[in-house]
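*Asks:* work_12.csv is the file, holding CSV, C-alpha atoms:
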chain,number,residue,atom,x,y,z
A,178,MET,CA,13.3,20.1,27.5
A,179,THR,CA,13.4,23.7,28.5
A,180,GLY,CA,10.4,23.5,30.7
A,181,ARG,CA,8.7,26.5,29.1
A,182,LEU,CA,6.6,27.1,26.1
A,183,THR,CA,8.4,29.5,23.7
A,184,HIS,CA,5.2,30.8,22.1
A,185,LEU,CA,4.0,32.3,25.4
A,186,ASP,CA,5.3,35.6,26.7
A,187,GLU,CA,5.9,36.4,30.4
A,188,THR,CA,2.2,37.2,30.9
A,189,GLY,CA,1.1,33.9,29.3
A,190,ALA,CA,-0.2,35.4,26.1
A,191,ALA,CA,0.5,33.7,22.8
A,192,HIS,CA,3.1,35.5,20.6
A,193,MET,CA,5.4,34.9,17.7
A,194,VAL,CA,8.9,34.1,18.8
A,195,ASP,CA,11.5,36.8,17.9
A,196,VAL,CA,14.2,34.9,16.0
A,197,GLY,CA,16.1,38.1,15.0
A,198,GLY,CA,19.1,37.5,17.3
A,199,LYS,CA,19.5,33.8,16.4
A,200,ALA,CA,22.3,32.5,14.3
A,201,GLU,CA,21.5,31.1,10.9
A,202,THR,CA,22.3,27.4,10.7
A,203,GLU,CA,21.3,24.6,8.4
A,204,ARG,CA,18.2,23.0,9.8
A,205,VAL,CA,16.5,19.8,8.6
A,206,ALA,CA,13.3,18.1,9.9
A,207,VAL,CA,11.9,14.7,8.8
A,208,ALA,CA,8.3,13.7,9.6
A,209,ALA,CA,6.2,10.7,8.8
A,210,GLY,CA,2.7,9.4,8.8
A,211,SER,CA,0.6,6.8,7.1
A,212,VAL,CA,-2.8,6.1,5.6
A,213,LYS,CA,-4.2,2.7,6.4
A,214,MET,CA,-6.8,1.4,3.9
A,215,GLN,CA,-8.3,-1.8,2.4
A,216,SER,CA,-6.0,-3.9,0.3
A,217,GLN,CA,-8.3,-3.3,-2.7
A,218,THR,CA,-7.9,0.4,-2.3
A,219,LEU,CA,-4.1,0.1,-2.2
A,220,GLU,CA,-4.2,-1.9,-5.4
A,221,LEU,CA,-6.4,0.6,-7.1
A,222,ILE,CA,-4.0,3.4,-6.1
A,223,LYS,CA,-0.9,1.4,-7.2
A,224,SER,CA,-2.5,0.5,-10.6
A,225,GLY,CA,-3.2,4.2,-11.3
A,226,ASN,CA,-6.9,3.5,-11.7
A,227,ALA,CA,-8.3,5.7,-9.0
A,228,ALA,CA,-11.2,7.8,-10.2
A,229,LYS,CA,-9.4,11.1,-9.4
A,230,GLY,CA,-6.1,10.1,-11.1
A,231,ASP,CA,-2.6,9.8,-9.8
A,232,VAL,CA,-3.1,9.6,-6.0
A,233,ILE,CA,0.6,9.3,-5.1
A,234,GLY,CA,1.9,12.0,-7.4
A,235,THR,CA,-0.9,14.4,-6.4
A,236,ALA,CA,-0.3,13.8,-2.7
A,237,ARG,CA,3.4,14.4,-3.2
A,238,ILE,CA,2.8,17.8,-4.8
A,239,ALA,CA,0.2,18.7,-2.2
A,240,GLY,CA,2.7,18.0,0.6
A,241,ILE,CA,5.3,20.1,-1.0
A,242,MET,CA,2.8,23.0,-1.5
A,243,ALA,CA,1.6,22.7,2.1
A,244,ALA,CA,5.2,22.9,3.5
A,245,LYS,CA,5.7,26.2,1.6
A,246,ARG,CA,2.4,27.6,3.1
A,247,THR,CA,2.8,26.4,6.7
A,248,HIS,CA,3.0,30.0,8.0
A,249,GLU,CA,-0.4,30.6,6.5
A,250,LEU,CA,-2.0,27.6,8.3
A,251,ILE,CA,-0.3,27.6,11.7
A,252,PRO,CA,-0.8,31.0,13.4
A,253,LEU,CA,2.6,31.6,15.0
A,254,CYS,CA,4.9,30.1,12.4
A,255,HIS,CA,7.4,32.3,10.5
A,256,PRO,CA,7.3,32.5,6.7
A,257,LEU,CA,10.5,30.7,5.7
A,258,LEU,CA,12.7,30.5,2.6
A,259,LEU,CA,12.9,26.7,2.3
A,260,SER,CA,15.8,25.3,0.3
A,261,LYS,CA,14.5,21.7,-0.1
A,262,ILE,CA,11.3,19.8,0.4
A,263,ALA,CA,11.0,16.1,-0.4
A,264,VAL,CA,7.9,14.0,0.1
A,265,ASP,CA,8.2,10.3,-0.4
A,266,ILE,CA,5.2,8.0,-0.5
A,267,GLU,CA,5.6,4.2,-0.5
A,268,ALA,CA,3.1,1.4,-0.5
A,269,ASP,CA,3.1,-1.1,2.3
A,270,GLU,CA,1.1,-4.3,1.7
A,271,GLY,CA,1.4,-5.3,5.3
A,272,LEU,CA,-0.4,-2.1,6.6
A,273,PRO,CA,-2.1,-2.2,4.0
A,274,GLY,CA,-1.7,1.4,3.0
A,275,LEU,CA,0.8,4.2,2.2
A,276,HIS,CA,3.6,5.6,4.2
A,277,VAL,CA,4.5,9.3,3.8
A,278,VAL,CA,7.8,10.8,4.7
A,279,ALA,CA,8.7,14.5,4.3
A,280,SER,CA,12.1,16.1,4.6
A,281,VAL,CA,12.4,19.9,4.8
A,282,ARG,CA,15.7,21.9,4.8
A,283,LEU,CA,16.8,25.5,5.0
A,284,THR,CA,19.6,27.7,6.3
A,285,GLY,CA,17.9,30.1,8.7
A,286,LYS,CA,17.1,31.2,12.2
A,287,THR,CA,14.2,28.9,13.0
A,288,GLY,CA,13.4,25.2,12.6
A,289,VAL,CA,11.3,23.4,10.0
A,290,GLU,CA,9.6,20.8,12.1
A,291,MET,CA,6.1,22.4,11.5
A,292,GLU,CA,6.8,22.5,7.7
A,293,ALA,CA,7.7,18.8,7.6
A,294,LEU,CA,4.7,17.8,9.8
A,295,THR,CA,2.4,20.0,7.6
A,296,ALA,CA,3.7,18.3,4.4
A,297,VAL,CA,3.0,14.9,5.8
A,298,SER,CA,-0.5,15.9,7.1
A,299,VAL,CA,-1.6,17.4,3.8
A,300,ALA,CA,-0.2,14.6,1.8
A,301,CYS,CA,-2.1,12.1,3.9
A,302,LEU,CA,-5.3,14.2,3.6
A,303,THR,CA,-4.9,14.3,-0.1
A,304,ILE,CA,-4.5,10.5,-0.3
A,305,TYR,CA,-7.8,10.3,1.7
A,306,ASP,CA,-9.5,12.8,-0.5
A,307,MET,CA,-8.5,11.1,-3.8
A,308,ALA,CA,-9.4,7.6,-2.7
A,309,LYS,CA,-12.4,8.2,-0.4
A,310,ALA,CA,-14.9,7.1,-3.1
A,311,ALA,CA,-13.4,3.6,-2.9
A,312,ASP,CA,-12.8,3.5,0.9
A,313,LYS,CA,-14.3,6.0,3.4
A,314,GLY,CA,-12.9,4.0,6.3
A,315,MET,CA,-9.2,4.9,5.6
A,316,ILE,CA,-7.3,5.8,8.8
A,317,ILE,CA,-4.7,8.6,8.8
A,318,GLN,CA,-2.3,7.7,11.6
A,319,ASN,CA,1.1,8.1,13.3
A,320,ILE,CA,1.9,11.6,12.1
A,321,ARG,CA,5.0,12.5,14.0
A,322,LEU,CA,8.5,14.1,13.9
A,323,LEU,CA,11.2,11.6,13.3
A,324,ARG,CA,14.2,13.8,13.6
A,325,LYS,CA,15.5,17.3,13.4
A,326,THR,CA,19.0,18.8,13.2
A,327,GLY,CA,20.4,22.3,13.7
A,328,GLY,CA,19.5,25.3,15.8
A,329,LYS,CA,20.2,26.2,19.4
A,330,SER,CA,18.5,23.0,20.7
A,331,GLY,CA,20.7,20.8,18.5
A,332,ASN,CA,19.8,17.4,17.1
A,333,TRP,CA,16.8,15.3,18.1
A,334,SER,CA,15.6,11.9,17.0
A,335,ALA,CA,12.5,9.9,17.9
A,336,ASP,CA,14.8,6.8,17.9
A,337,ALA,CA,16.8,8.3,20.8
A,338,THR,CA,13.7,9.0,22.8
A,339,GLY,CA,11.9,5.8,22.1
A,340,GLY,CA,9.5,7.7,19.8
A,341,LYS,CA,8.1,9.8,22.7
Do you think you could lay out the structure here as structure tokens?
*Replies:*
Amino acid sequence: MTGRLTHLDETGAAHMVDVGGKAETERVAVAAGSVKMQSQTLELIKSGNAAKGDVIGTARIAGIMAAKRTHELIPLCHPLLLSKIAVDIEADEGLPGLHVVASVRLTGKTGVEMEALTAVSVACLTIYDMAKAADKGMIIQNIRLLRKTGGKSGNWSADATGGK
């Protein structure tokens, strides 16, 4: 840790970080989260019989769209030219629910952690929206960064930090 917040200037005011002098490197971020639900809700989603249609496909597209618009949602994020966004959603009978993993990549001057986290968050919210008629008690949980590579700060993994 650097011990300082990069989005605060010397007076403590919030500001957008100047990345103009940074080197362009390949940067990748992977984030995850899940939506816990009743077993019957998971079966409804898997069968494709949810009232609003294809929950998993729609959530995947929503996550991709959200990653591209992160700078419009998070005030101090830079608009980025992303080269790859992947959102994978898998059923887990043991949860029961759906796990969402987003991977975002670019070659640029700033990282893509916020884009990966935004993709996961919006995909989970879309799952909730599309299935809430069947299960209002769903729980969106454990949204977090799993790993990131590239940039001045180098590589980071939740596994290496014990998930903290």
*Asks:* Please check which residues have atoms at most 12 Å from (-12.3, 4.6, 1.6) in the file's coordinates, counting only C-alpha atoms, and write them as a VMD selection string.
*Replies:* chain A and resid 212 to 219 221 to 222 227 274 304 to 317
*Asks:* List the neighbours of His276 in chain A out to 12 Å using all atoms listed in the file; skip same-chain residues closer than 3 positions along the sequence, and give me the result as a ChimeraX atom specification.
*Replies:* /A:208-214,219,233,236-237,264-273,279,297-298,300-301,304,316-320
*Asks:* In the coordinates of the file, take the point (3.7, 30.4, 2.1) and a cut-off of 10 Å; then, counting all atoms listed in the file, name each qualifying protein, DNA or RNA residue as number ranges by chain.
*Replies:* A: 242-250, 255-259
*Asks:* Could you dump the residues just selected with C-alpha atoms as a CSV table (one decimal), in the frame of the given file?
*Replies:*
chain,number,residue,atom,x,y,z
A,242,MET,CA,2.8,23.0,-1.5
A,243,ALA,CA,1.6,22.7,2.1
A,244,ALA,CA,5.2,22.9,3.5
A,245,LYS,CA,5.7,26.2,1.6
A,246,ARG,CA,2.4,27.6,3.1
A,247,THR,CA,2.8,26.4,6.7
A,248,HIS,CA,3.0,30.0,8.0
A,249,GLU,CA,-0.4,30.6,6.5
A,250,LEU,CA,-2.0,27.6,8.3
A,255,HIS,CA,7.4,32.3,10.5
A,256,PRO,CA,7.3,32.5,6.7
A,257,LEU,CA,10.5,30.7,5.7
A,258,LEU,CA,12.7,30.5,2.6
A,259,LEU,CA,12.9,26.7,2.3
*Asks:* Would you kindly return, as a list of chain:residue names, each protein, DNA or RNA residue with an atom no farther than 8 Å from any atom of range 288-292 of chain A, considering only C-alpha atoms and excluding same-chain residues fewer than 5 positions away?
*Replies:*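 Counting only C-alpha atoms, the residues come to A:Arg204, A:Val205, A:Ala206, A:Val207, A:Ala208, A:Ala243, A:Ala244, A:Lys245, A:Thr247, A:Cys254, A:Val281, A:Arg282, A:Leu283, A:Leu322, A:Lys325, A:Gly327, A:Gly328.
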*Asks:* Could you jot down the CA of Gly285 in chain A to CA of Lys329 in chain A separation for me, Å, one decimal place?
*Replies:*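 CA of Gly285 in chain A sits 11.6 Å away from CA of Lys329 in chain A.
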*Asks:* Just give me the gap between CA of Ala293 in chain A and CA of Ser280 in chain A in Å, one decimal is fine.
*Replies:*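 Pair CA of Ala293 in chain A / CA of Ser280 in chain A returns 6.0 Å.
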*Asks:* Closest to Val278 in chain A among A:Leu302, A:Leu253, A:Gly240, A:Asn226, using all atoms listed in the file?
*Replies:* A:Gly240
*Asks:* Name the closest residue to Glu201 in chain A among the candidates A:Val277, A:Arg321, A:Ala296, A:Lys286; distances are taken between atoms, counting all atoms listed in the file.
*Replies:*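 The closest residue to Glu201 in chain A is A:Lys286.
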*Asks:* Between CA of Ala239 in chain A and CA of Glu220 in chain A, what is the distance in Å, rounded to a tenth?
*Replies:* 21.3 Å
